[in-house]
Amino acid sequence: MSTTHTALDRVEILPPRAKEMRAGVYRGPGRVATEYVPVPEIADGEVLVRVAACGICGTDIKKIQHGFVAAPQIFGHEVAGTVVAVGRGVQRWKLGDRVVSFHHVPCGSCFYCDQRLFSQCPAYKKVGLTAGFDPNGGGFAEYVRAMPWIVERGMIALPADVSFEEATFVEPVNTCLKAVRKARIARNETVLVIGQGPIGMLLMLLAKYEGAEVFTSDPMPGRRAASRRFGAKDSLDPAANNLLEEIRSRTDGRGADAVLVAVPSPALVPEALALTRPGGRILLFAHNDPVMQLAFPAAAVGVEEKEILGSYSASVDDQAESSALVFGRQLPVRELISHRFPLEQIEEALELAARPADDTLKVVIRHE
């Protein structure tokens with residue numbers, strides 16, 4: 001039998017000695033260190049991606065700071081890079097393809113997928129992107145292995161004029177667009193976004209994209225200034241302003257039609273309810289801590305008929321539109337990046353993302 005390799009056979013283009021790679025390895029609560037670990041080996045139906053850039057997400061910070069998962073792990077799921085190895089049977093991708101990759105993909109055929117609740121699909125909860133150890137994204141490493149279901153349905157080709165840094169926003173834009181749609185934001189509504197970190201900023205931009213008039217709040221003057229610059233009607237200082245008076249004065253005394261909460265503080269839930277008009281909606285984006293407990297006045301829901309909504313992760317229904325928003329530069333994602341760090345400085349990068357300075361927005365790890 002011939003041993004000639006076909007296009008569907010595994011192709012390995014790593015240098016012969018490149019059996020190890022650098023990675024930011026989580027070693028316990030609050031501890032991530034740059035180490036050398038094995039380059040992942042791919043199997044049939046899989047590809048290996050050389051990571052060019054990976055955004056730091058608030059979920060990564062929570063897992064690292066609070067130790068919600070067992071060490072060791074390699075986090076990072078806002079991944080963009082280049083295909084450098086292709087497993088047998090892969091037909092959608094070839095060596096050199098520039099891609100952005102999700103790390104979760106729904107099955108498309110279960111009860112939850114039929115209900116369009118993709119993030120509750122059992123298959124979706126199985127992470128399909130890894131740099132080693134338990135699969136957990138892996139973008140804080142030089143290479144990641146994409147498993148077959150990600151290869152088939154969870155990777156997107158990048159246009160030639162889109163940078164890897166811009167591409168890292170495809171996943172967070174998707175999650176925020178899903179949240180804005182979950183909150184049923186409509187044209188000419190008045191919306192308040194609490195918190196103007198990178199996620200809060202995306203929520204503001206996407207609420208505007210849906211046609212709403214958007215106010216924001218944040219204690220940091222630099223973030224308030226950035227929020228106005230990127231299109232908020234106004235951005236208020238919660239320490240210097242009475243937000244309730246301010247929002248009611250701008251809504252004929254009613255309150256906001258919807259409040260999107262992008263800060264993981266339990267105290268902000270009753271505040272958000274107070275800021276929302278009767279019959280309005282509160283969307284909790286950042287409250288995904290498994291041990292956090294929330295308390296709020298029952299009458300706000302039971303009498304004033306306000307809705308409390310949650311939104312988690314991305315939606316495959318929004319995948320094409322989210323990509324188009326980023327690739328078509330309809331959102332100023334490049335300007336949202338305030339800090340870039342090499343992998344060797346991942347501890348510094350994570351510290352800044354966890355405890356942002358006045359000028360901190362999106363923090364990105366770049367692999368030179």
# chains A, B, ... in the order shown; residues from 1 in each chain; ligands from 1

$ residues_around --residues "A:Val162" --least-positions-apart "6" --cutoff "9 Å" --atoms "only C-alpha atoms" --output "list in words"
Val326, Phe327, Gly328 and Arg329 of chain A

$ write_last_selection --atoms "N, CA and C atoms" --output "short mmCIF file (atom, residue, chain, number, x, y, z; two decimals), in the first residue's frame"
data_model
loop_
_atom_site.label_atom_id
_atom_site.label_comp_id
_atom_site.auth_asym_id
_atom_site.auth_seq_id
_atom_site.Cartn_x
_atom_site.Cartn_y
_atom_site.Cartn_z
N VAL A 326 -17.62 42.88 13.80
CA VAL A 326 -16.18 43.04 14.06
C VAL A 326 -15.42 43.22 12.75
N PHE A 327 -15.65 42.31 11.81
CA PHE A 327 -14.89 42.33 10.56
C PHE A 327 -15.18 43.58 9.73
N GLY A 328 -16.43 44.07 9.81
CA GLY A 328 -16.80 45.27 9.07
C GLY A 328 -16.49 46.56 9.81
N ARG A 329 -15.89 46.42 10.99
CA ARG A 329 -15.50 47.57 11.82
C ARG A 329 -16.68 48.50 12.11
#

$ select_by_dssp --residues "stretch 281-346 of chain A" --states "strand (DSSP E or B)" --output "list in words"
Arg281, Ile282, Leu283, Leu284, Glu307, Ile308, Leu309, Gly310, Ile337, Ser338, His339, Arg340, Phe341 and Pro342 of chain A

$ closest_atom_pairs --of "stretch 203-320 of chain A" --to "stretch 136-160 of chain A" --cutoff "10 Å" --atoms "only C-alpha atoms" --output "Markdown table"
| residue | atom | partner | partner_atom | distance |
| --- | --- | --- | --- | --- |
| A:Val316 | CA | A:Gly154 | CA | 9.0 |
| A:Gln319 | CA | A:Ile156 | CA | 9.3 |
| A:Ala320 | CA | A:Ile156 | CA | 9.3 |

$ closest_residue --among "A:Ala232, A:Glu246, A:His367, A:Gln293" --to "A:Val269" --atoms "only C-alpha atoms"
A:Gln293

$ atom_distance --atom1 "atom CA of A:Thr276" --atom2 "atom CA of A:Thr175"
22.6 Å

$ closest_residue --among "A:Ile194, A:Ala239, A:Leu202, A:Ala186" --to "A:Pro264" --atoms "only C-alpha atoms"
A:Ile194

$ residues_around --residues "A:Gly67" --least-positions-apart "5" --cutoff "10 Å" --atoms "only C-alpha atoms" --output "PyMOL selection string"
chain A and resi 26-31+61-62

$ residues_around --residues "A:Ala183" --least-positions-apart "4" --cutoff "7 Å" --atoms "only C-alpha atoms" --output "number ranges by chain"
A: 179, 281, 283

$ write_last_selection --atoms "all heavy atoms" --output "short mmCIF file (atom, residue, chain, number, x, y, z; two decimals), in the first residue's frame"
data_model
loop_
_atom_site.label_atom_id
_atom_site.label_comp_id
_atom_site.auth_asym_id
_atom_site.auth_seq_id
_atom_site.Cartn_x
_atom_site.Cartn_y
_atom_site.Cartn_z
N ALA A 179 -26.85 39.12 25.02
CA ALA A 179 -27.41 39.72 26.23
C ALA A 179 -28.35 40.88 25.89
O ALA A 179 -29.44 41.01 26.48
CB ALA A 179 -26.28 40.21 27.14
N ARG A 281 -36.88 45.92 32.34
CA ARG A 281 -36.05 44.72 32.42
C ARG A 281 -34.68 45.03 33.01
O ARG A 281 -34.10 46.08 32.74
CB ARG A 281 -35.82 44.12 31.02
CG ARG A 281 -37.05 43.52 30.38
CD ARG A 281 -37.77 44.51 29.49
NE ARG A 281 -36.93 44.99 28.39
CZ ARG A 281 -37.16 46.12 27.74
NH1 ARG A 281 -38.16 46.92 28.07
NH2 ARG A 281 -36.36 46.48 26.73
N LEU A 283 -30.96 43.18 33.16
CA LEU A 283 -30.15 42.07 32.63
C LEU A 283 -28.87 41.97 33.44
O LEU A 283 -28.08 42.92 33.49
CB LEU A 283 -29.85 42.31 31.14
CG LEU A 283 -29.17 41.21 30.30
CD1 LEU A 283 -27.70 41.05 30.63
CD2 LEU A 283 -29.89 39.89 30.42
#

$ atom_distance --atom1 "atom CA of A:Pro290" --atom2 "atom CA of A:Met201"
24.4 Å

$ closest_atom_pairs --of "stretch 1-112 of chain A" --to "stretch 330-350 of chain A" --cutoff "10 Å" --atoms "only C-alpha atoms" --output "tab-separated table"
residue	atom	partner	partner_atom	distance
A:Arg22	CA	A:Leu343	CA	7.7
A:Ala23	CA	A:Leu343	CA	7.3
A:Gly24	CA	A:Ile346	CA	6.6
A:Val25	CA	A:Ile346	CA	9.7
A:Gly30	CA	A:Glu347	CA	9.4
A:Arg31	CA	A:Glu347	CA	8.1
A:Val32	CA	A:Glu347	CA	6.2
A:Ala33	CA	A:Glu347	CA	6.7
A:Thr34	CA	A:Glu344	CA	6.0
A:Glu35	CA	A:Glu344	CA	9.0
A:Ala53	CA	A:Pro342	CA	9.4
A:Cys54	CA	A:Leu343	CA	9.9
A:Gly55	CA	A:Ile337	CA	9.2
A:Ile56	CA	A:Leu350	CA	7.4
A:Cys57	CA	A:Leu350	CA	9.5
A:Gly58	CA	A:Leu350	CA	9.8
A:Asp60	CA	A:Leu350	CA	8.9
A:Ile61	CA	A:Leu350	CA	7.1
A:Ile64	CA	A:Leu350	CA	9.0
A:Gln65	CA	A:Leu350	CA	9.6

$ residues_around --residues "A:Asn241" --least-positions-apart "5" --cutoff "12 Å" --atoms "only C-alpha atoms" --output "PyMOL selection string"
chain A and resi 217-219+235-236+246-247

$ write_last_selection --atoms "N, CA, C and O atoms" --output "CSV table (one decimal), in the first residue's frame"
chain,number,residue,atom,x,y,z
A,217,SER,N,-22.8,54.4,33.6
A,217,SER,CA,-22.3,54.8,34.9
A,217,SER,C,-21.0,54.1,35.2
A,217,SER,O,-20.9,52.9,34.8
A,218,ASP,N,-20.0,54.7,35.8
A,218,ASP,CA,-18.8,54.1,36.2
A,218,ASP,C,-18.1,55.1,37.1
A,218,ASP,O,-18.1,56.3,36.9
A,219,PRO,N,-17.4,54.5,38.2
A,219,PRO,CA,-16.7,55.4,39.1
A,219,PRO,C,-15.4,56.0,38.6
A,219,PRO,O,-14.9,56.9,39.1
A,235,SER,N,-22.4,59.7,30.6
A,235,SER,CA,-21.8,58.7,31.5
A,235,SER,C,-21.7,59.4,32.9
A,235,SER,O,-21.0,60.4,33.0
A,236,LEU,N,-22.3,58.7,33.9
A,236,LEU,CA,-22.5,59.4,35.2
A,236,LEU,C,-21.6,58.7,36.2
A,236,LEU,O,-21.3,57.5,36.2
A,246,GLU,N,-31.1,61.3,38.4
A,246,GLU,CA,-30.6,61.6,37.1
A,246,GLU,C,-31.4,60.8,36.0
A,246,GLU,O,-31.8,61.4,35.0
A,247,ILE,N,-31.5,59.5,36.2
A,247,ILE,CA,-32.2,58.7,35.2
A,247,ILE,C,-33.7,59.1,35.1
A,247,ILE,O,-34.3,59.2,34.0

$ closest_residue --among "A:Glu166, A:Asp317, A:Glu189, A:Asp359" --to "A:Leu117" --atoms "only C-alpha atoms"
A:Asp317

$ decode --residues "stretch 211-235 of chain A" --atoms "N, CA, C and O atoms" --output "PDB file, in the first residue's frame"
ATOM      1  N   GLY A 211     -30.597  50.666  18.497  1.00  0.00           N
ATOM      2  CA  GLY A 211     -31.398  51.878  18.350  1.00  0.00           C
ATOM      3  C   GLY A 211     -31.799  52.567  19.631  1.00  0.00           C
ATOM      4  O   GLY A 211     -32.605  53.505  19.609  1.00  0.00           O
ATOM      5  N   ALA A 212     -31.256  52.139  20.766  1.00  0.00           N
ATOM      6  CA  ALA A 212     -31.620  52.744  22.051  1.00  0.00           C
ATOM      7  C   ALA A 212     -30.789  53.992  22.326  1.00  0.00           C
ATOM      8  O   ALA A 212     -29.702  54.186  21.760  1.00  0.00           O
ATOM      9  N   GLU A 213     -31.304  54.840  23.211  1.00  0.00           N
ATOM     10  CA  GLU A 213     -30.526  55.935  23.789  1.00  0.00           C
ATOM     11  C   GLU A 213     -29.897  55.393  25.071  1.00  0.00           C
ATOM     12  O   GLU A 213     -30.614  54.910  25.956  1.00  0.00           O
ATOM     13  N   VAL A 214     -28.575  55.458  25.158  1.00  0.00           N
ATOM     14  CA  VAL A 214     -27.880  54.728  26.207  1.00  0.00           C
ATOM     15  C   VAL A 214     -27.122  55.681  27.135  1.00  0.00           C
ATOM     16  O   VAL A 214     -26.307  56.489  26.682  1.00  0.00           O
ATOM     17  N   PHE A 215     -27.417  55.556  28.423  1.00  0.00           N
ATOM     18  CA  PHE A 215     -26.643  56.204  29.474  1.00  0.00           C
ATOM     19  C   PHE A 215     -25.787  55.146  30.153  1.00  0.00           C
ATOM     20  O   PHE A 215     -26.122  53.956  30.143  1.00  0.00           O
ATOM     21  N   THR A 216     -24.690  55.556  30.740  1.00  0.00           N
ATOM     22  CA  THR A 216     -23.813  54.620  31.435  1.00  0.00           C
ATOM     23  C   THR A 216     -23.387  55.216  32.774  1.00  0.00           C
ATOM     24  O   THR A 216     -23.548  56.414  33.021  1.00  0.00           O
ATOM     25  N   SER A 217     -22.835  54.361  33.615  1.00  0.00           N
ATOM     26  CA  SER A 217     -22.254  54.835  34.877  1.00  0.00           C
ATOM     27  C   SER A 217     -20.992  54.055  35.171  1.00  0.00           C
ATOM     28  O   SER A 217     -20.888  52.865  34.830  1.00  0.00           O
ATOM     29  N   ASP A 218     -20.035  54.726  35.772  1.00  0.00           N
ATOM     30  CA  ASP A 218     -18.784  54.096  36.178  1.00  0.00           C
ATOM     31  C   ASP A 218     -18.068  55.052  37.136  1.00  0.00           C
ATOM     32  O   ASP A 218     -18.097  56.270  36.919  1.00  0.00           O
ATOM     33  N   PRO A 219     -17.428  54.532  38.188  1.00  0.00           N
ATOM     34  CA  PRO A 219     -16.723  55.416  39.119  1.00  0.00           C
ATOM     35  C   PRO A 219     -15.424  55.990  38.570  1.00  0.00           C
ATOM     36  O   PRO A 219     -14.897  56.949  39.136  1.00  0.00           O
ATOM     37  N   MET A 220     -14.889  55.432  37.464  1.00  0.00           N
ATOM     38  CA  MET A 220     -13.596  55.879  36.945  1.00  0.00           C
ATOM     39  C   MET A 220     -13.787  56.966  35.880  1.00  0.00           C
ATOM     40  O   MET A 220     -14.460  56.739  34.872  1.00  0.00           O
ATOM     41  N   PRO A 221     -13.205  58.153  36.082  1.00  0.00           N
ATOM     42  CA  PRO A 221     -13.389  59.232  35.104  1.00  0.00           C
ATOM     43  C   PRO A 221     -12.874  58.881  33.715  1.00  0.00           C
ATOM     44  O   PRO A 221     -13.465  59.299  32.713  1.00  0.00           O
ATOM     45  N   GLY A 222     -11.792  58.123  33.622  1.00  0.00           N
ATOM     46  CA  GLY A 222     -11.275  57.742  32.319  1.00  0.00           C
ATOM     47  C   GLY A 222     -12.257  56.878  31.550  1.00  0.00           C
ATOM     48  O   GLY A 222     -12.435  57.040  30.334  1.00  0.00           O
ATOM     49  N   ARG A 223     -12.906  55.974  32.240  1.00  0.00           N
ATOM     50  CA  ARG A 223     -13.888  55.114  31.589  1.00  0.00           C
ATOM     51  C   ARG A 223     -15.146  55.902  31.228  1.00  0.00           C
ATOM     52  O   ARG A 223     -15.763  55.658  30.183  1.00  0.00           O
ATOM     53  N   ARG A 224     -15.544  56.841  32.068  1.00  0.00           N
ATOM     54  CA  ARG A 224     -16.696  57.670  31.715  1.00  0.00           C
ATOM     55  C   ARG A 224     -16.398  58.491  30.465  1.00  0.00           C
ATOM     56  O   ARG A 224     -17.236  58.607  29.563  1.00  0.00           O
ATOM     57  N   ALA A 225     -15.200  59.046  30.397  1.00  0.00           N
ATOM     58  CA  ALA A 225     -14.818  59.830  29.221  1.00  0.00           C
ATOM     59  C   ALA A 225     -14.803  58.956  27.970  1.00  0.00           C
ATOM     60  O   ALA A 225     -15.271  59.362  26.893  1.00  0.00           O
ATOM     61  N   ALA A 226     -14.271  57.740  28.096  1.00  0.00           N
ATOM     62  CA  ALA A 226     -14.245  56.821  26.958  1.00  0.00           C
ATOM     63  C   ALA A 226     -15.658  56.440  26.536  1.00  0.00           C
ATOM     64  O   ALA A 226     -15.961  56.351  25.340  1.00  0.00           O
ATOM     65  N   SER A 227     -16.546  56.242  27.499  1.00  0.00           N
ATOM     66  CA  SER A 227     -17.922  55.875  27.194  1.00  0.00           C
ATOM     67  C   SER A 227     -18.603  56.967  26.371  1.00  0.00           C
ATOM     68  O   SER A 227     -19.286  56.688  25.375  1.00  0.00           O
ATOM     69  N   ARG A 228     -18.412  58.220  26.774  1.00  0.00           N
ATOM     70  CA  ARG A 228     -18.993  59.327  25.993  1.00  0.00           C
ATOM     71  C   ARG A 228     -18.364  59.379  24.601  1.00  0.00           C
ATOM     72  O   ARG A 228     -19.058  59.609  23.605  1.00  0.00           O
ATOM     73  N   ARG A 229     -17.060  59.161  24.550  1.00  0.00           N
ATOM     74  CA  ARG A 229     -16.363  59.222  23.270  1.00  0.00           C
ATOM     75  C   ARG A 229     -16.862  58.149  22.308  1.00  0.00           C
ATOM     76  O   ARG A 229     -16.975  58.382  21.097  1.00  0.00           O
ATOM     77  N   PHE A 230     -17.203  56.981  22.850  1.00  0.00           N
ATOM     78  CA  PHE A 230     -17.662  55.886  21.999  1.00  0.00           C
ATOM     79  C   PHE A 230     -19.166  55.929  21.733  1.00  0.00           C
ATOM     80  O   PHE A 230     -19.673  55.068  21.009  1.00  0.00           O
ATOM     81  N   GLY A 231     -19.880  56.904  22.323  1.00  0.00           N
ATOM     82  CA  GLY A 231     -21.262  57.078  21.898  1.00  0.00           C
ATOM     83  C   GLY A 231     -22.336  57.096  22.958  1.00  0.00           C
ATOM     84  O   GLY A 231     -23.526  57.230  22.619  1.00  0.00           O
ATOM     85  N   ALA A 232     -22.004  56.968  24.243  1.00  0.00           N
ATOM     86  CA  ALA A 232     -23.032  57.060  25.272  1.00  0.00           C
ATOM     87  C   ALA A 232     -23.631  58.465  25.288  1.00  0.00           C
ATOM     88  O   ALA A 232     -22.931  59.457  25.081  1.00  0.00           O
ATOM     89  N   LYS A 233     -24.919  58.555  25.526  1.00  0.00           N
ATOM     90  CA  LYS A 233     -25.583  59.860  25.647  1.00  0.00           C
ATOM     91  C   LYS A 233     -24.958  60.665  26.771  1.00  0.00           C
ATOM     92  O   LYS A 233     -24.714  61.867  26.647  1.00  0.00           O
ATOM     93  N   ASP A 234     -24.680  60.009  27.869  1.00  0.00           N
ATOM     94  CA  ASP A 234     -23.937  60.595  28.984  1.00  0.00           C
ATOM     95  C   ASP A 234     -23.436  59.454  29.848  1.00  0.00           C
ATOM     96  O   ASP A 234     -23.995  58.350  29.827  1.00  0.00           O
ATOM     97  N   SER A 235     -22.370  59.710  30.585  1.00  0.00           N
ATOM     98  CA  SER A 235     -21.824  58.715  31.495  1.00  0.00           C
ATOM     99  C   SER A 235     -21.695  59.357  32.865  1.00  0.00           C
ATOM    100  O   SER A 235     -21.048  60.401  33.011  1.00  0.00           O
TER     101      SER A 235
END
